[in-house]
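Below is one structure, written out as structure tokens; the observations come after it.
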Amino acid sequence: MQTLLPSWWPTVLSDDWRHGGFGLYIHWPFCEAKCPYCDFNSYVSPSVDTGTLETALMSDLDRHAELMPARLFNSILFGGRTPSLMPPALVERLISRALQHWTPANNIEITLEANPSSVEAARFAGFRAAGVNRVSVGIQALNNPDLKRLGRLHSVNEATAALKVANLNFDRVSFDLIYARQNQSLEQWQSELSAAIDLSNGHLSLYQLTIEPGTAFGYRAEAGRLQGLPNEDLAADMFDLTNETCAAAGLEPYEISNYSCSGLESIHNIIYWRGGDYIGIGPGAHGRLTLGGERLATQTALSPSAWLDRVSLSSSGTVKSETLSKTDHANELIMMGLRMRGGISRSRIQAVSGQAIQIPKHLVDLGFIEVCEDWVRATEAGRPLLNQLVQALMY
């Protein structure tokens, strides 16, 4: 079968990260309340020593710049729990320092995640002045009883007001919703999704509720106290409805849970899904770095105090830096890349792993996977079975 690849397609293993690009993730672990479904590294704290944190974050940035100089810089994401609680002046100084170290792409994306309960017009204006050009708002539901059940501190009115403020300050605004919630019917999700599309500005992140071990919801489920969750058939119907409704509104599912008008896709998240390099700094941040021809999986200390201690000792909060084997690297590319509608490149997977990827014929015959020249992707029928497809393709 003929392979048609663009002329810029990296062929050297040490340059494989260029398929996805290069970004920076800054994890802000503090929030106002812990949501019962959340398994992120987060801490509820009445006060935060931002000066000490700033010094440590700058130190970690500088150290990574020494390791990875002279790269084209595609994105920054201020994520974690509630980065919108950060002082805009701190955000500005971190952006400025990063842009001193690396050359920004012409379309560099600088995203800040926000919760409606912490949104104020003056703060958003400050983030815009700091250099943020995209915000992602964690709304999660558009009815008050479910917001309360999800542990959210805002109301629907506060959420819609936050979106108005965001749209006044930023050209690119996204927000998150969780569906397949307790006692949610297909008709209710249709109504809520239609309302979300009316409120959207070209990008939505729509996630099925997942019950994670170790969360409050996880403990309740183990005790049989989490009632009303949809069965598999209803959850599948909700997924199909989500895709059909978004597509009809011009929001294409470029990734399994992300829907966008053309040109408004999340650059930073695409770095993850396409296997690019990204630095992770801040307590509990993960990263993927290519250094000396090796692919490294990095992780920083989880708690803010442990992370600060680590940075003070070594100028870096990293506590784990694991070299991925060729097989692990290829499997990660399959696991992340198959989430995207465009799928994965067979020649790239072979270049990384040293062996051709095997495509189970029965999955093609059943219409769950399609092969088009160099690309392998999940079909519309296969996307609800993504986890199974990934397992079937991995080495």
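Numbering starts fresh at 1 for the residues of each chain in the structure tokens, the chains themselves are lettered A, B, ... in the order given, and ligands are numbered from 1 as they appear.
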- List the neighbours of Leu13 of chain A out to 9 Å using only C-alpha atoms; skip same-chain residues closer than 6 positions along the sequence, and give me the result as a list in words. Gly293, Glu294, Ala351 and Val352 of chain A
Those same residues, written as a PDB file, in the first residue's frame with N, CA and C atoms?
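Output contents, as saved in part-v2.pdb:
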```pdb
ATOM      1  N   GLY A 293      17.886  11.424  22.451  1.00  0.00           N
ATOM      2  CA  GLY A 293      17.300  10.337  21.678  1.00  0.00           C
ATOM      3  C   GLY A 293      16.415   9.414  22.468  1.00  0.00           C
ATOM      4  N   GLU A 294      16.167   9.726  23.745  1.00  0.00           N
ATOM      5  CA  GLU A 294      15.319   8.890  24.584  1.00  0.00           C
ATOM      6  C   GLU A 294      14.031   9.622  24.931  1.00  0.00           C
ATOM      7  N   ALA A 351       8.469   3.136  12.991  1.00  0.00           N
ATOM      8  CA  ALA A 351       9.757   3.797  13.209  1.00  0.00           C
ATOM      9  C   ALA A 351      10.117   3.824  14.684  1.00  0.00           C
ATOM     10  N   VAL A 352       9.128   3.997  15.536  1.00  0.00           N
ATOM     11  CA  VAL A 352       9.371   4.058  16.982  1.00  0.00           C
ATOM     12  C   VAL A 352       9.623   2.672  17.555  1.00  0.00           C
TER      13      VAL A 352
END
```
Give me, as a Markdown table, the closest atom pair and its distance (Å, one decimal) for every residue of segment 240-328 of chain A within a cut-off of 12 Å of segment 174-188 of chain A, counting only C-alpha atoms, rows sorted by chain and rising number.
```
| residue | atom | partner | partner_atom | distance |
| --- | --- | --- | --- | --- |
| A:Asp240 | CA | A:Leu186 | CA | 10.5 |
| A:Leu241 | CA | A:Leu186 | CA | 8.3 |
| A:Thr242 | CA | A:Tyr179 | CA | 9.5 |
| A:Ser257 | CA | A:Asp176 | CA | 9.8 |
| A:Asn258 | CA | A:Asp176 | CA | 9.2 |
| A:Tyr259 | CA | A:Ser174 | CA | 9.7 |
| A:Ser260 | CA | A:Ser174 | CA | 9.2 |
| A:Cys261 | CA | A:Ser174 | CA | 11.2 |
| A:Leu264 | CA | A:Ser174 | CA | 9.3 |
| A:Glu265 | CA | A:Ser174 | CA | 9.8 |
| A:Ser266 | CA | A:Ser174 | CA | 9.2 |
```
- Query: Which polymer residues have any atom within 8 Å of an atom of segment 245-256 of chain A, counting only C-alpha atoms, with same-chain residues fewer than 4 positions away left out, as a ChimeraX atom specification?
  - Reply: /A:193-194,197,202-203,241,260-262,265,339-342,383
- Task: Mind checking which residues fall within 9 Å of Ala56 of chain A, counting only C-alpha atoms, ignoring those fewer than 4 positions away in the same chain, and posting them as a PyMOL selection string?
- Result: chain A and resi 51-52+60-61+282+307-308+311-312+315-317
- Item | Distance of atom CA of Lys326 of chain A from atom CA of Gly292 of chain A, expressed in Å to one decimal place |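 Computing the Euclidean distance for atom CA of Gly292 of chain A and atom CA of Lys326 of chain A yields 14.3 Å.
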- Measure the distance from atom CA of Glu244 of chain A to atom CA of Glu113 of chain A in Å and round it to one decimal.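 The value is 27.0 Å.
Proximity to His286 of chain A was assessed for A:Arg134, A:His27, A:Pro304, A:Phe22 counting only C-alpha atoms; the smallest distance is recorded for A:His27.
With only C-alpha atoms as the atoms that count, the residue of A:Ser305, A:Met68, A:Ala166, A:Val119 with the shortest distance to Val48 of chain A is A:Ser305.
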- Item | Using only C-alpha atoms: which of A:Lys164, A:Ala285, A:His101, A:Ser200 has the shortest distance to Phe78 of chain A | A:Ala285
- Item | Non-local contacts of Ser96 of chain A (12 Å; only C-alpha atoms; under 5 positions in same chain excluded) as JSON, numbers by chain | {"A": [58, 61, 76, 89, 90, 91, 101, 102, 103, 104, 110, 129, 130, 131, 132]}
